[in-house]
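Below is one structure, written out as structure tokens; the observations come after it.
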Amino acid sequence: MDTATTTKLCVVCVISCCLQLIFFHTVGLAATAKLNSEEVRALREIGVQLGKTDWDFSKDPCSGEGNWSRPVIIKGFESSVSCGDCSLTNSSTCHVIAIALKAQNISGGLPPAFSKLRHLQKLDLSRNYFNGSIPAQWGTMRLTDLSLMGNQLSGPFPEVLTKITTLANLSIEGNNFSGPIPSHIGRLVKLQKLTLSSNSFTGELPVALGKLTNLTDMRISDNLFIGKIPEFIGNWTLIEKLHIQGCPLEGPIPSSISSLTSLSDLRISDLKGGGSSFPSLRNMESIKALVLRRCSIRGEIPAYIGELTKLKTLDLSFNELIGEIPSSFVQLSKVDFMYLTANKLTGPVPGWILSRNKNVSKVHPCLKKNFPCASTSNQHYSLHINCGGKEAVVNDTNLGKRLFDVYIQEEMVLKDFNIEDEAGGAGKPIVKNFTAAVTSHTLKIHFYWGGRGTTGIPVRGVYGPLISAISVDPDFKPPSADGKKINVKAVAGAVAGGVFLAVLGLLSDGTVIAVKQLSSKSKQGNHEFVNEIGMISALQHPNLAYVLQERGCLLELVDPDLGSEYSSEEAMVMLNVALLCTNASPTLRPTMSQVVGMLEGRTDIQDLLSDPGFSTINSKFKAIRRHFWQQPSQSQSMSTNGPYSDSSLSNLDREEINVLLRASSVVSC
């Protein structure tokens, strides 16, 4: 080994040994260091006011012994006193630099004695039950972080906070503060995070907020601010998270928002005022959550939104957007939630949406198109949903608030509904009754969250409408022919095996029924009547689908509520395949693989065939069908033009047909 190498090794060895000596010396001092006696007295005073009987003053708070700093087992629950700034002189004293008493079920006023902890930098008293306001003595503190989130503090915005100019992070979210924000808030130029959400602050946003140019996180949702969103938000060029939801602020979103290119989370909702074009967000390449809900935004969705490839949440619902979903949206591969509800978008739903969304196939078909849902043969007149199962136990007494709007049949019936206030306390039941007119077989109940209410209590998350059960019952006796007045219209029809006269009955509640009318001269008994009903159900669709197919009117079977929002070509394919699948003869029905092939267009649709046993329709049926369906205009004028005759019918058959002609006119396609 040469001299140079030896020298280097010796130097390294000396430095290492020195560092070890210094380390052990520091540890030894820390182990014997004690908290400043004045701060111990301050802690005793604080402990008495807070009822902290678990603080063990037989152990020095800075010794690392005792229960001064308990391990965090559940996130959001913490009790700790942290020391630092331990000097090597002055009898090896330490100072309290951080206190966290999170979710400790503490009530009462805030202790003024916190101000006696001169070296305290971080104070977190969140999710407790503190009341009153903030002590004036706190104005001398040199805090960098203060969280009073989720308490019962009240009064105007605490002016004392504007004197703590060292603050970098301030949260007073989820309290009962009210009144305007003072202009002195502009003193807090070091603020990086400011959370004022879920209070009752009023007035316009002060211009002084524009001075807070170091902000990276600003949340003012769920307040009563008025006026327009100010242009000065463009001063917050470092901001990464901006939440302005559930405030009666006015639009439009200012153009200066385009300067906030560092945004990763932007949420603005429920703006008042007239419409505006889509705000310029082109350069927000870091955006992960974009919520612009009910902001009266008009026009088309810009294609560049699809180029914001870090997006995970996109909510543009309840605006006035038009046009198609941009093709560039196919690039949004990281999106977990996309809401485009209640706009005026047109065009097809892109195939990639259906292929990526695993839940699409589970959605009822009527929910994939506009309401209302199509009528079904199995109609229900009552509905009962118990969200908590057979029995739900509610023991949540935290300070969280649930506020939401309730719409029934598109009409708002409750605004900013607060269950706890309405019931007079937590855990108390309350029932709200409403009467709604149900049309087109559809009842729509919509719970809308407009950004009001807390989202950080008991823990940070999403807290929407709170409903334990829904019960829907008719305010009339469900349809029954017994005891109902019937408005009668006669219609004619025929089945293989005979002619029948049916009566179209309209019950007093609007329900349409069909009544079979027998001829006294037909000599038909119970056995024949049962057979006829069986033939009707086996051979004929209630809407005479086969006859409509022969006349080229098959699209008459499409639910008129769909309007023009469907493909006629696809509908024809589906209807023709459906007719094949309902063939009276099971042997003539296509297999499932054949059905799939026809629906996908890989194979031609087969001709509709009939089993010889079912297709031998007697001349009486052919004559009636020829008269009613091949000469519709003539049949409508024959009700008083004397008897109709056909050489293939018996005298009894002719009499029955004449009864039909006198009783009804048949509507053609």
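A note on labels: chains of the structure tokens are A, B, ... as shown, every chain counts residues from 1, and ligands are counted from 1 in their shown order.
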Enumerate the residues of stretch 184-360 of chain A with a DSSP assignment of alpha helix (DSSP H), computed from the backbone, and present them as number ranges by chain.
A: 351-356
All residues 7 Å or closer to stretch 261-264 of chain A, only C-alpha atoms, same chain fewer than 6 positions away omitted, as a ChimeraX atom specification:
/A:238-241,283-284,286-289
Residues of the last selection are to be written out with N, CA and C atoms, as a short mmCIF file (atom, residue, chain, number, x, y, z; two decimals), in the first residue's frame.
data_model
loop_
_atom_site.label_atom_id
_atom_site.label_comp_id
_atom_site.auth_asym_id
_atom_site.auth_seq_id
_atom_site.Cartn_x
_atom_site.Cartn_y
_atom_site.Cartn_z
N LEU A 238 -48.70 29.05 -8.44
CA LEU A 238 -48.11 27.83 -7.88
C LEU A 238 -49.17 26.83 -7.42
N ILE A 239 -50.42 27.21 -7.56
CA ILE A 239 -51.49 26.40 -6.96
C ILE A 239 -51.62 25.05 -7.65
N GLU A 240 -51.81 24.02 -6.83
CA GLU A 240 -51.97 22.66 -7.32
C GLU A 240 -53.37 22.12 -7.07
N LYS A 241 -54.03 22.64 -6.03
CA LYS A 241 -55.38 22.17 -5.69
C LYS A 241 -56.26 23.38 -5.43
N ASN A 283 -53.11 24.01 -21.00
CA ASN A 283 -51.74 23.76 -20.52
C ASN A 283 -51.67 23.11 -19.15
N MET A 284 -52.77 22.60 -18.66
CA MET A 284 -52.77 21.95 -17.35
C MET A 284 -52.42 20.47 -17.50
N SER A 286 -50.68 18.54 -15.70
CA SER A 286 -50.59 17.72 -14.48
C SER A 286 -51.94 17.40 -13.88
N ILE A 287 -53.02 17.87 -14.51
CA ILE A 287 -54.35 17.73 -13.93
C ILE A 287 -54.76 16.26 -13.81
N LYS A 288 -55.22 15.88 -12.60
CA LYS A 288 -55.69 14.51 -12.35
C LYS A 288 -57.18 14.47 -12.04
N ALA A 289 -57.68 15.54 -11.45
CA ALA A 289 -59.11 15.62 -11.14
C ALA A 289 -59.65 16.94 -11.68
#
Which neighbours of A:Leu340 fall inside 8 Å, counting only C-alpha atoms, when residues of the same chain fewer than 4 positions from it are skipped, and could you give them as a compact mmCIF listing (two decimals) with N, CA and C atoms, in the first residue's frame?
# COMPACT_ATOMS: atom_id res chain seq x y z
N ASP A 315 -65.52 15.35 -14.51
CA ASP A 315 -66.94 15.60 -14.28
C ASP A 315 -67.33 16.91 -14.97
N LEU A 316 -68.06 16.79 -16.06
CA LEU A 316 -68.57 17.95 -16.80
C LEU A 316 -70.09 17.92 -16.83
N SER A 317 -70.70 17.30 -15.86
CA SER A 317 -72.14 17.07 -15.86
C SER A 317 -72.93 18.35 -15.58
N PHE A 318 -74.20 18.32 -15.97
CA PHE A 318 -75.17 19.38 -15.70
C PHE A 318 -74.72 20.73 -16.25
Applying 9 Å and only C-alpha atoms, which residues near A:Lys228 remain after dropping the ones on its own chain fewer than 5 positions away? List them as a list in words.
Glu204, Leu205, Leu249, Glu250, Gly251, Pro252, Ile253, Pro254, Leu271 and Lys272 of chain A
Selected residues written out with C-alpha atoms, as a PDB file, in the first residue's frame:
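And here's part_1.pdb as it stands now:
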ATOM      1  CA  GLU A 204     -67.314  38.722  -1.820  1.00  0.00           C
ATOM      2  CA  LEU A 205     -63.865  37.196  -1.877  1.00  0.00           C
ATOM      3  CA  LEU A 249     -70.802  32.467  -6.634  1.00  0.00           C
ATOM      4  CA  GLU A 250     -71.478  33.662 -10.153  1.00  0.00           C
ATOM      5  CA  GLY A 251     -69.855  32.611 -13.365  1.00  0.00           C
ATOM      6  CA  PRO A 252     -68.194  32.671 -15.701  1.00  0.00           C
ATOM      7  CA  ILE A 253     -64.971  31.002 -14.684  1.00  0.00           C
ATOM      8  CA  PRO A 254     -62.413  33.799 -15.242  1.00  0.00           C
ATOM      9  CA  LEU A 271     -72.188  28.600 -10.318  1.00  0.00           C
ATOM     10  CA  LYS A 272     -75.016  31.056 -10.805  1.00  0.00           C
TER      11      LYS A 272
END
Can you tell me how far atom CA of A:Ala437 sits from atom CA of A:Leu403, in Å to one decimal?
25.8 Å
So that I can check the secondary structure, give me every residue of stretch 237-391 of chain A assigned strand (DSSP E) by backbone DSSP, as a PDB file with C-alpha atoms, in the first residue's frame.
ATOM      1  CA  LYS A 241     -55.376  22.170  -5.691  1.00  0.00           C
ATOM      2  CA  LEU A 242     -58.313  24.596  -6.011  1.00  0.00           C
ATOM      3  CA  HIS A 243     -61.793  23.768  -4.695  1.00  0.00           C
ATOM      4  CA  ILE A 244     -64.718  26.196  -5.172  1.00  0.00           C
ATOM      5  CA  ASP A 265     -56.989  19.053  -8.766  1.00  0.00           C
ATOM      6  CA  LEU A 266     -59.559  21.629  -9.938  1.00  0.00           C
ATOM      7  CA  ARG A 267     -63.138  21.496  -8.667  1.00  0.00           C
ATOM      8  CA  ILE A 268     -65.672  24.240  -9.390  1.00  0.00           C
ATOM      9  CA  SER A 269     -69.412  23.632  -9.244  1.00  0.00           C
ATOM     10  CA  SER A 276     -70.091  30.879 -20.786  1.00  0.00           C
ATOM     11  CA  SER A 277     -67.757  29.033 -23.084  1.00  0.00           C
ATOM     12  CA  ALA A 289     -59.113  15.623 -11.140  1.00  0.00           C
ATOM     13  CA  LEU A 290     -61.215  18.048 -13.194  1.00  0.00           C
ATOM     14  CA  VAL A 291     -64.715  18.852 -11.919  1.00  0.00           C
ATOM     15  CA  LEU A 292     -66.695  21.608 -13.654  1.00  0.00           C
ATOM     16  CA  ARG A 293     -70.209  20.559 -12.648  1.00  0.00           C
ATOM     17  CA  ILE A 297     -70.726  25.962 -19.688  1.00  0.00           C
ATOM     18  CA  ARG A 298     -71.896  26.048 -23.311  1.00  0.00           C
ATOM     19  CA  GLY A 299     -70.497  24.851 -26.595  1.00  0.00           C
ATOM     20  CA  GLU A 300     -68.518  21.765 -27.482  1.00  0.00           C
ATOM     21  CA  THR A 313     -61.660  11.981 -12.587  1.00  0.00           C
ATOM     22  CA  LEU A 314     -63.579  14.046 -15.148  1.00  0.00           C
ATOM     23  CA  ASP A 315     -66.938  15.595 -14.282  1.00  0.00           C
ATOM     24  CA  GLU A 320     -75.103  22.882 -21.664  1.00  0.00           C
ATOM     25  CA  LEU A 321     -72.447  21.108 -23.686  1.00  0.00           C
ATOM     26  CA  ILE A 322     -73.291  20.136 -27.251  1.00  0.00           C
ATOM     27  CA  GLY A 323     -71.763  18.070 -30.028  1.00  0.00           C
ATOM     28  CA  PHE A 337     -64.739   8.231 -13.301  1.00  0.00           C
ATOM     29  CA  MET A 338     -66.247  10.236 -16.140  1.00  0.00           C
ATOM     30  CA  TYR A 339     -69.511  12.135 -15.744  1.00  0.00           C
ATOM     31  CA  LYS A 344     -77.009  18.188 -24.793  1.00  0.00           C
ATOM     32  CA  LEU A 345     -74.435  15.870 -26.293  1.00  0.00           C
ATOM     33  CA  LEU A 383     -91.146  -0.258  -4.343  1.00  0.00           C
ATOM     34  CA  HIS A 384     -89.344  -0.633  -1.014  1.00  0.00           C
ATOM     35  CA  ILE A 385     -85.607  -0.163  -0.520  1.00  0.00           C
ATOM     36  CA  ASN A 386     -84.001  -0.530   2.903  1.00  0.00           C
TER      37      ASN A 386
END
Any idea what the distance is between atom CA of A:Pro111 and atom CA of A:Glu173?
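If I compute the distance from atom CA of A:Pro111 to atom CA of A:Glu173, I get 19.5 Å.
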Near A:Ser328, within 9 Å and counting only C-alpha atoms, which residues show up once chain neighbours fewer than 6 positions away are dropped, as a ChimeraX atom specification?
/A:303-307
Applying 10 Å and only C-alpha atoms, which residues near A:Lys52 remain after dropping the ones on its own chain fewer than 4 positions away? List them as a list of chain:residue names.
A:Leu43, A:Arg44, A:Ile46, A:Gly47, A:Val48, A:Asp56, A:Gln104, A:Ile106
Excluding same-chain residues fewer than 4 positions from A:Gly109, what lies within 8 Å of it counting only C-alpha atoms, as a compact mmCIF listing (two decimals) with C-alpha atoms, in the first residue's frame?
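File produced: selection.txt:
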# COMPACT_ATOMS: atom_id res chain seq x y z
CA PHE A 130 -63.99 22.83 20.73
CA ASN A 131 -66.37 25.78 20.83
CA GLY A 132 -66.20 29.53 21.14
CA SER A 133 -63.57 31.45 19.21
